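Coordinates from run_8.pdb are shown below (PDB, C-alpha atoms and all ligand atoms).
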ATOM      1  CA  MET A 187     -28.862  14.313  37.819  1.00  0.00           C
ATOM      2  CA  PRO A 188     -29.877  11.565  35.373  1.00  0.00           C
ATOM      3  CA  SER A 189     -27.528  11.047  32.501  1.00  0.00           C
ATOM      4  CA  THR A 190     -28.611  11.747  28.966  1.00  0.00           C
ATOM      5  CA  ALA A 191     -27.718  10.054  25.729  1.00  0.00           C
ATOM      6  CA  TYR A 192     -25.311  12.913  25.112  1.00  0.00           C
ATOM      7  CA  ASP A 193     -23.236  12.516  28.243  1.00  0.00           C
ATOM      8  CA  HIS A 194     -19.624  11.798  27.385  1.00  0.00           C
ATOM      9  CA  PRO A 195     -17.947   9.363  29.719  1.00  0.00           C
ATOM     10  CA  GLY A 196     -14.884  11.595  29.883  1.00  0.00           C
ATOM     11  CA  PRO A 197     -11.287  10.578  29.458  1.00  0.00           C
ATOM     12  CA  LEU A 198     -10.222   7.209  30.698  1.00  0.00           C
ATOM     13  CA  ALA A 199      -8.326   7.047  33.945  1.00  0.00           C
ATOM     14  CA  PRO A 200      -4.657   6.149  33.484  1.00  0.00           C
ATOM     15  CA  ASP A 201      -5.183   2.732  35.052  1.00  0.00           C
ATOM     16  CA  GLU A 202      -7.818   1.980  32.406  1.00  0.00           C
ATOM     17  CA  LEU A 203      -5.395   2.660  29.575  1.00  0.00           C
ATOM     18  CA  LEU A 204      -2.636   0.252  30.428  1.00  0.00           C
ATOM     19  CA  PRO A 205      -2.325  -2.966  32.367  1.00  0.00           C
ATOM     20  CA  GLN A 206      -1.945  -2.742  36.121  1.00  0.00           C
ATOM     21  CA  ALA A 207       1.560  -3.110  37.481  1.00  0.00           C
ATOM     22  CA  GLY A 208       2.534  -6.747  37.374  1.00  0.00           C
ATOM     23  CA  ALA A 209      -0.336  -7.705  35.133  1.00  0.00           C
ATOM     24  CA  ARG A 210       0.341  -8.768  31.586  1.00  0.00           C
ATOM     25  CA  SER A 211      -1.393  -6.859  28.861  1.00  0.00           C
ATOM     26  CA  THR A 212      -4.070  -8.667  26.938  1.00  0.00           C
ATOM     27  CA  PRO A 213      -3.187  -7.827  23.361  1.00  0.00           C
ATOM     28  CA  PRO A 214      -5.397  -8.680  20.420  1.00  0.00           C
ATOM     29  CA  ALA A 215      -4.859 -12.338  19.536  1.00  0.00           C
ATOM     30  CA  THR A 216      -3.064 -11.545  16.302  1.00  0.00           C
ATOM     31  CA  LEU A 217      -0.609  -8.992  17.742  1.00  0.00           C
ATOM     32  CA  PRO A 218       2.557 -10.849  18.781  1.00  0.00           C
ATOM     33  CA  PRO A 219       3.241 -10.356  22.508  1.00  0.00           C
ATOM     34  CA  ALA A 220       6.613  -8.703  21.852  1.00  0.00           C
ATOM     35  CA  TRP A 221       4.949  -6.193  19.567  1.00  0.00           C
ATOM     36  CA  ALA A 222       2.159  -5.565  22.084  1.00  0.00           C
ATOM     37  CA  ASP A 223       4.790  -4.924  24.752  1.00  0.00           C
ATOM     38  CA  ALA A 224       6.602  -2.504  22.445  1.00  0.00           C
ATOM     39  CA  VAL A 225       3.380  -0.636  21.694  1.00  0.00           C
ATOM     40  CA  ALA A 226       2.493  -0.508  25.401  1.00  0.00           C
ATOM     41  CA  ALA A 227       5.935   0.884  26.203  1.00  0.00           C
ATOM     42  CA  VAL A 228       5.573   3.648  23.632  1.00  0.00           C
ATOM     43  CA  ILE A 229       2.099   4.478  24.911  1.00  0.00           C
ATOM     44  CA  ALA A 230       3.303   4.626  28.501  1.00  0.00           C
ATOM     45  CA  GLU A 231       6.131   6.960  27.513  1.00  0.00           C
ATOM     46  CA  ARG A 232       4.155   9.340  25.299  1.00  0.00           C
ATOM     47  CA  ARG A 233       0.490   9.322  26.233  1.00  0.00           C
ATOM     48  CA  HIS A 234       0.867  12.360  28.477  1.00  0.00           C
ATOM     49  CA  LEU A 235       2.235  14.533  25.669  1.00  0.00           C
ATOM     50  CA  ASP A 236       0.021  17.164  24.083  1.00  0.00           C
ATOM     51  CA  GLY A 237      -1.416  15.699  20.899  1.00  0.00           C
ATOM     52  CA  ALA A 238      -0.097  12.302  21.915  1.00  0.00           C
ATOM     53  CA  LEU A 239      -1.409  10.409  18.896  1.00  0.00           C
ATOM     54  CA  LEU A 240       1.289  11.441  16.426  1.00  0.00           C
ATOM     55  CA  PRO A 241       4.187  10.948  18.866  1.00  0.00           C
ATOM     56  CA  ILE A 242       2.811   7.496  19.702  1.00  0.00           C
ATOM     57  CA  LEU A 243       2.470   6.548  16.031  1.00  0.00           C
ATOM     58  CA  HIS A 244       6.024   7.736  15.356  1.00  0.00           C
ATOM     59  CA  GLY A 245       7.258   5.759  18.348  1.00  0.00           C
ATOM     60  CA  VAL A 246       5.488   2.583  17.275  1.00  0.00           C
ATOM     61  CA  GLN A 247       6.854   2.869  13.746  1.00  0.00           C
ATOM     62  CA  ASP A 248      10.360   3.515  15.084  1.00  0.00           C
ATOM     63  CA  ALA A 249      10.054   0.443  17.326  1.00  0.00           C
ATOM     64  CA  LEU A 250       8.438  -1.973  14.874  1.00  0.00           C
ATOM     65  CA  GLY A 251       9.192  -0.509  11.464  1.00  0.00           C
ATOM     66  CA  HIS A 252       5.481  -0.055  10.830  1.00  0.00           C
ATOM     67  CA  VAL A 253       2.208   0.507  12.658  1.00  0.00           C
ATOM     68  CA  PRO A 254       0.433  -2.864  12.729  1.00  0.00           C
ATOM     69  CA  ALA A 255      -3.320  -2.746  12.209  1.00  0.00           C
ATOM     70  CA  ASP A 256      -3.743  -4.814  15.363  1.00  0.00           C
ATOM     71  CA  ALA A 257      -2.039  -2.090  17.395  1.00  0.00           C
ATOM     72  CA  VAL A 258      -4.719   0.431  16.471  1.00  0.00           C
ATOM     73  CA  PRO A 259      -7.163  -0.607  19.245  1.00  0.00           C
ATOM     74  CA  MET A 260      -4.464  -0.173  21.917  1.00  0.00           C
ATOM     75  CA  ILE A 261      -3.461   3.211  20.543  1.00  0.00           C
ATOM     76  CA  ALA A 262      -7.049   4.383  20.128  1.00  0.00           C
ATOM     77  CA  LYS A 263      -7.853   3.486  23.713  1.00  0.00           C
ATOM     78  CA  ALA A 264      -4.751   5.237  25.002  1.00  0.00           C
ATOM     79  CA  VAL A 265      -5.580   8.534  23.293  1.00  0.00           C
ATOM     80  CA  ASN A 266      -9.333   8.215  23.783  1.00  0.00           C
ATOM     81  CA  ARG A 267     -10.069   8.274  20.066  1.00  0.00           C
ATOM     82  CA  SER A 268     -12.006   5.881  17.882  1.00  0.00           C
ATOM     83  CA  ARG A 269     -10.166   3.215  15.905  1.00  0.00           C
ATOM     84  CA  ALA A 270     -11.423   4.869  12.722  1.00  0.00           C
ATOM     85  CA  GLU A 271      -9.842   8.182  13.747  1.00  0.00           C
ATOM     86  CA  VAL A 272      -6.494   6.530  14.436  1.00  0.00           C
ATOM     87  CA  HIS A 273      -6.663   4.593  11.178  1.00  0.00           C
ATOM     88  CA  GLY A 274      -7.487   7.838   9.381  1.00  0.00           C
ATOM     89  CA  VAL A 275      -4.367   9.516  10.751  1.00  0.00           C
ATOM     90  CA  ILE A 276      -2.186   6.536   9.812  1.00  0.00           C
ATOM     91  CA  THR A 277      -3.468   6.504   6.255  1.00  0.00           C
ATOM     92  CA  TYR A 278      -3.358  10.311   5.881  1.00  0.00           C
ATOM     93  CA  TYR A 279       0.382  10.585   6.502  1.00  0.00           C
ATOM     94  CA  HIS A 280       2.566   8.856   3.910  1.00  0.00           C
ATOM     95  CA  HIS A 281       5.245   8.444   6.553  1.00  0.00           C
ATOM     96  CA  PHE A 282       3.356   5.711   8.378  1.00  0.00           C
ATOM     97  CA  ARG A 283       3.674   2.171   7.064  1.00  0.00           C
ATOM     98  CA  GLN A 284       1.006  -0.442   7.698  1.00  0.00           C
ATOM     99  CA  THR A 285       3.199  -3.355   6.666  1.00  0.00           C
ATOM    100  CA  PRO A 286       6.859  -4.017   7.487  1.00  0.00           C
ATOM    101  CA  ALA A 287       9.440  -2.571   5.140  1.00  0.00           C
ATOM    102  CA  ARG A 288      11.891  -4.744   3.217  1.00  0.00           C
ATOM    103  CA  ALA A 289      15.600  -4.701   4.068  1.00  0.00           C
ATOM    104  CA  HIS A 290      16.074  -1.339   2.337  1.00  0.00           C
ATOM    105  CA  VAL A 291      13.821   1.700   1.960  1.00  0.00           C
ATOM    106  CA  LEU A 292      13.978   3.984  -1.058  1.00  0.00           C
ATOM    107  CA  GLN A 293      11.906   7.149  -0.840  1.00  0.00           C
ATOM    108  CA  VAL A 294      11.433   9.009  -4.102  1.00  0.00           C
ATOM    109  CA  CYS A 295      10.524  12.674  -3.969  1.00  0.00           C
ATOM    110  CA  ARG A 296       7.194  13.493  -5.605  1.00  0.00           C
ATOM    111  CA  ALA A 297       7.116  17.190  -4.837  1.00  0.00           C
ATOM    112  CA  GLU A 298       6.989  19.731  -7.635  1.00  0.00           C
ATOM    113  CA  SER A 299      10.626  20.327  -8.479  1.00  0.00           C
ATOM    114  CA  CYS A 300      11.506  16.648  -8.569  1.00  0.00           C
ATOM    115  CA  ARG A 301       8.364  15.788 -10.515  1.00  0.00           C
ATOM    116  CA  THR A 302       9.292  18.247 -13.237  1.00  0.00           C
ATOM    117  CA  MET A 303      12.857  16.897 -13.345  1.00  0.00           C
ATOM    118  CA  GLY A 304      11.947  13.277 -13.939  1.00  0.00           C
ATOM    119  CA  GLY A 305      11.017  12.087 -10.467  1.00  0.00           C
ATOM    120  CA  GLU A 306       7.906  10.264 -11.611  1.00  0.00           C
ATOM    121  CA  ALA A 307       9.902   8.151 -14.052  1.00  0.00           C
ATOM    122  CA  LEU A 308      12.365   7.375 -11.264  1.00  0.00           C
ATOM    123  CA  LEU A 309       9.507   6.284  -9.038  1.00  0.00           C
ATOM    124  CA  ALA A 310       8.165   3.954 -11.732  1.00  0.00           C
ATOM    125  CA  GLN A 311      11.652   2.553 -12.289  1.00  0.00           C
ATOM    126  CA  ALA A 312      12.162   2.033  -8.562  1.00  0.00           C
ATOM    127  CA  GLU A 313       8.801   0.333  -8.156  1.00  0.00           C
ATOM    128  CA  ALA A 314       9.632  -2.049 -10.999  1.00  0.00           C
ATOM    129  CA  LEU A 315      12.972  -2.983  -9.400  1.00  0.00           C
ATOM    130  CA  GLY A 316      12.101  -2.757  -5.704  1.00  0.00           C
ATOM    131  CA  ARG A 317      11.138  -6.329  -4.928  1.00  0.00           C
ATOM    132  CA  GLU A 318      14.090  -7.795  -6.833  1.00  0.00           C
ATOM    133  CA  HIS A 319      16.475  -5.627  -4.811  1.00  0.00           C
ATOM    134  CA  GLY A 320      14.830  -6.161  -1.419  1.00  0.00           C
ATOM    135  CA  CYS A 321      13.763  -2.542  -1.352  1.00  0.00           C
ATOM    136  CA  THR A 322      10.535  -0.930  -0.198  1.00  0.00           C
ATOM    137  CA  VAL A 323       9.734   2.028  -2.439  1.00  0.00           C
ATOM    138  CA  GLU A 324       7.747   4.921  -1.011  1.00  0.00           C
ATOM    139  CA  PRO A 325       6.909   8.486  -2.028  1.00  0.00           C
ATOM    140  CA  ILE A 326       8.203  11.393  -0.035  1.00  0.00           C
ATOM    141  CA  TYR A 327       7.381  15.075  -0.426  1.00  0.00           C
ATOM    142  CA  CYS A 328      10.453  17.335  -0.650  1.00  0.00           C
ATOM    143  CA  LEU A 329      13.822  16.510   0.820  1.00  0.00           C
ATOM    144  CA  GLY A 330      15.087  20.084   0.724  1.00  0.00           C
ATOM    145  CA  LEU A 331      17.208  19.252  -2.319  1.00  0.00           C
ATOM    146  CA  CYS A 332      15.007  21.015  -4.857  1.00  0.00           C
ATOM    147  CA  ALA A 333      17.977  22.768  -6.501  1.00  0.00           C
ATOM    148  CA  GLN A 334      19.471  19.341  -7.152  1.00  0.00           C
ATOM    149  CA  SER A 335      16.343  17.574  -8.343  1.00  0.00           C
ATOM    150  CA  PRO A 336      15.382  14.871  -8.720  1.00  0.00           C
ATOM    151  CA  ALA A 337      16.251  13.541  -5.302  1.00  0.00           C
ATOM    152  CA  VAL A 338      15.693  10.321  -3.399  1.00  0.00           C
ATOM    153  CA  LEU A 339      16.419   9.066   0.086  1.00  0.00           C
ATOM    154  CA  LEU A 340      17.952   5.610   0.199  1.00  0.00           C
ATOM    155  CA  ASP A 341      18.131   4.073   3.663  1.00  0.00           C
ATOM    156  CA  ASP A 342      18.006   7.613   5.103  1.00  0.00           C
ATOM    157  CA  ARG A 343      20.877   8.822   2.902  1.00  0.00           C
ATOM    158  CA  PRO A 344      19.966  11.609   0.460  1.00  0.00           C
ATOM    159  CA  GLN A 345      20.919  11.242  -3.177  1.00  0.00           C
ATOM    160  CA  ALA A 346      20.659  14.241  -5.512  1.00  0.00           C
ATOM    161  CA  ARG A 347      20.540  14.702  -9.285  1.00  0.00           C
ATOM    162  CA  VAL A 348      19.438  11.126  -9.676  1.00  0.00           C
ATOM    163  CA  THR A 349      19.308   9.853 -13.239  1.00  0.00           C
ATOM    164  CA  PRO A 350      17.798   6.509 -14.285  1.00  0.00           C
ATOM    165  CA  ALA A 351      21.329   5.142 -14.651  1.00  0.00           C
ATOM    166  CA  LYS A 352      22.322   6.382 -11.187  1.00  0.00           C
ATOM    167  CA  LEU A 353      19.191   4.873  -9.678  1.00  0.00           C
ATOM    168  CA  ALA A 354      19.929   1.541 -11.333  1.00  0.00           C
ATOM    169  CA  ARG A 355      23.470   1.628  -9.902  1.00  0.00           C
ATOM    170  CA  LEU A 356      22.190   2.484  -6.428  1.00  0.00           C
ATOM    171  CA  MET A 357      19.712  -0.366  -6.454  1.00  0.00           C
ATOM    172  CA  ALA A 358      22.240  -2.809  -7.884  1.00  0.00           C
ATOM    173  CA  SER A 359      24.586  -1.916  -5.015  1.00  0.00           C
ATOM    174  CA  LEU A 360      21.873  -2.985  -2.576  1.00  0.00           C
ATOM    175  CA  LYS A 361      21.629  -6.376  -4.182  1.00  0.00           C
ATOM    176  CA  GLU A 362      25.388  -6.806  -3.990  1.00  0.00           C
ATOM    177  CA  ALA A 363      25.393  -5.798  -0.321  1.00  0.00           C
ATOM    178  CA  THR A 364      22.697  -8.327   0.686  1.00  0.00           C
TER     179      THR A 364
HETATM  180  S1  LIG A 401      10.946  18.898  -4.610  1.00  0.00           S
HETATM  181 FE1  LIG A 401      12.174  17.142  -4.383  1.00  0.00          FE
HETATM  182  S2  LIG A 401      13.663  17.758  -2.964  1.00  0.00           S
HETATM  183 FE2  LIG A 401      12.314  19.442  -3.037  1.00  0.00          FE
END
What would the structure in this file look like if it were written as structure tokens?
Ligand code: FES
Amino acid sequence: MPSTAYDHPGPLAPDELLPQAGARSTPPATLPPAWADAVAAVIAERRHLDGALLPILHGVQDALGHVPADAVPMIAKAVNRSRAEVHGVITYYHHFRQTPARAHVLQVCRAESCRTMGGEALLAQAEALGREHGCTVEPIYCLGLCAQSPAVLLDDRPQARVTPAKLARLMASLKEAT
């Protein structure tokens, strides 16, 4: 039966998704080989999972600290999605970083309770001080500490009832530690 313009080629065979055994992957020119290998390893481990895109993105960020733009073509091919779809998922979720984080990561809660208890001012303060203290500042949406708002997560450690003075002390301690 002749094919029509609407025929879908179907999912790629596994050997089309990743390099053959013994063959080196051909990453995009701007993706460092070590990063391409890390992305390929995550893809190989997770591409068979249901809804593999999110687990792969989490794995890449865990491995590299961010999801490099140049990894998107590899990921898109592995999950049989367009690059635009993968990019859309990366930009939709605040969790995914497109650039590497600094030495420290401060996540400031922007959910309702923290916002009403001064969280927005803390975020502005943190953003003003972040670079000086080697700290990437990001929003996060509820840490489960609503009764102790406002809350932040500093290098994965929760901090509750954060005042401007407490935030300044926390960030100063980072500078002293580095
Ligand atoms: S609203 Fe900030 S911890 Fe819940």
* To do: Check which residues satisfy the PyMOL selection byres (((not hetatm)) within 12 of (chain A and resi 401)) in the file shown, then give them as a ChimeraX atom specification.
  => /A:293-306,308,325-339,344-348
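In this structure, atom CA of Val272 of chain A sits 26.2 Å away from atom CA of Asp342 of chain A.
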* Nearest candidate to Glu313 of chain A (options A:Ala257, A:Arg283, A:Ala289, A:Ala354; using only C-alpha atoms) -> A:Ala354
* Mind telling me what the PyMOL selection byres (((chain A and resi 227-237) around 8) and not hetatm) catches here, as a list in words? ->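 After applying the PyMOL selection byres (((chain A and resi 227-237) around 8) and not hetatm), what remains is Leu204, Asp223, Ala224, Val225, Ala226, Ala238, Leu239, Leu240, Pro241, Ile242, Gly245, Val246, Ile261, Ala264 and Val265 of chain A.
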* Asked: If you measure from atom CA of Ala312 of chain A to atom CA of Thr277 of chain A, what distance in Å do you get, rounded to one decimal?
  ->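 Computing it gives 22.0 Å between the two atoms.
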* Go through A:Trp221, A:Ala314, A:Leu292, A:Glu324 one by one, measure the shortest atom-to-atom distance of each to Asp248 of chain A using only C-alpha atoms, and give the residue with the smallest value. =>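 Smallest separation from Asp248 of chain A among the options: A:Trp221.
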* What residues have an atom no more than 12 Å from (-2.8, -1.6, 12.8) in the file's own frame, counting all atoms listed in the file, and can you write them as a ChimeraX atom specification? -> /A:214,216-217,221-222,225,243,246-247,250,252-262,269-270,272-277,282-286
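Counting only C-alpha atoms, the residue from A:Leu340, A:Arg288, A:Tyr278, A:Ala310 that sits nearest to Leu356 of chain A is A:Leu340.
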* **Distance of atom CA of Pro350 of chain A from atom CA of Cys321 of chain A, expressed in Å to one decimal place** => 16.3 Å
Report, as lines of an AutoDock Vina configuration file, the centre and edge lengths in Å (one decimal) of the axis-aligned box enclosing every listed atom of segment 232-247 of chain A, padded by 8 Å on each side.
center_x = 2.9
center_y = 9.9
center_z = 21.1
size_x = 24.7
size_y = 30.6
size_z = 30.7
* Asked: Residues picked by the PyMOL selection byres (((chain A and resi 320) around 9) and not hetatm) here, as a ChimeraX atom specification?
  -> /A:288-291,315-319,321-322,360-361,364
Output C-alpha atoms of each residue in that selection to a file, as a short mmCIF file (atom, residue, chain, number, x, y, z; two decimals), keeping the file's coordinate frame.
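Printed below is selection26.cif as written:
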data_model
loop_
_atom_site.label_atom_id
_atom_site.label_comp_id
_atom_site.auth_asym_id
_atom_site.auth_seq_id
_atom_site.Cartn_x
_atom_site.Cartn_y
_atom_site.Cartn_z
CA ARG A 288 11.89 -4.74 3.22
CA ALA A 289 15.60 -4.70 4.07
CA HIS A 290 16.07 -1.34 2.34
CA VAL A 291 13.82 1.70 1.96
CA LEU A 315 12.97 -2.98 -9.40
CA GLY A 316 12.10 -2.76 -5.70
CA ARG A 317 11.14 -6.33 -4.93
CA GLU A 318 14.09 -7.80 -6.83
CA HIS A 319 16.48 -5.63 -4.81
CA CYS A 321 13.76 -2.54 -1.35
CA THR A 322 10.54 -0.93 -0.20
CA LEU A 360 21.87 -2.98 -2.58
CA LYS A 361 21.63 -6.38 -4.18
CA THR A 364 22.70 -8.33 0.69
#
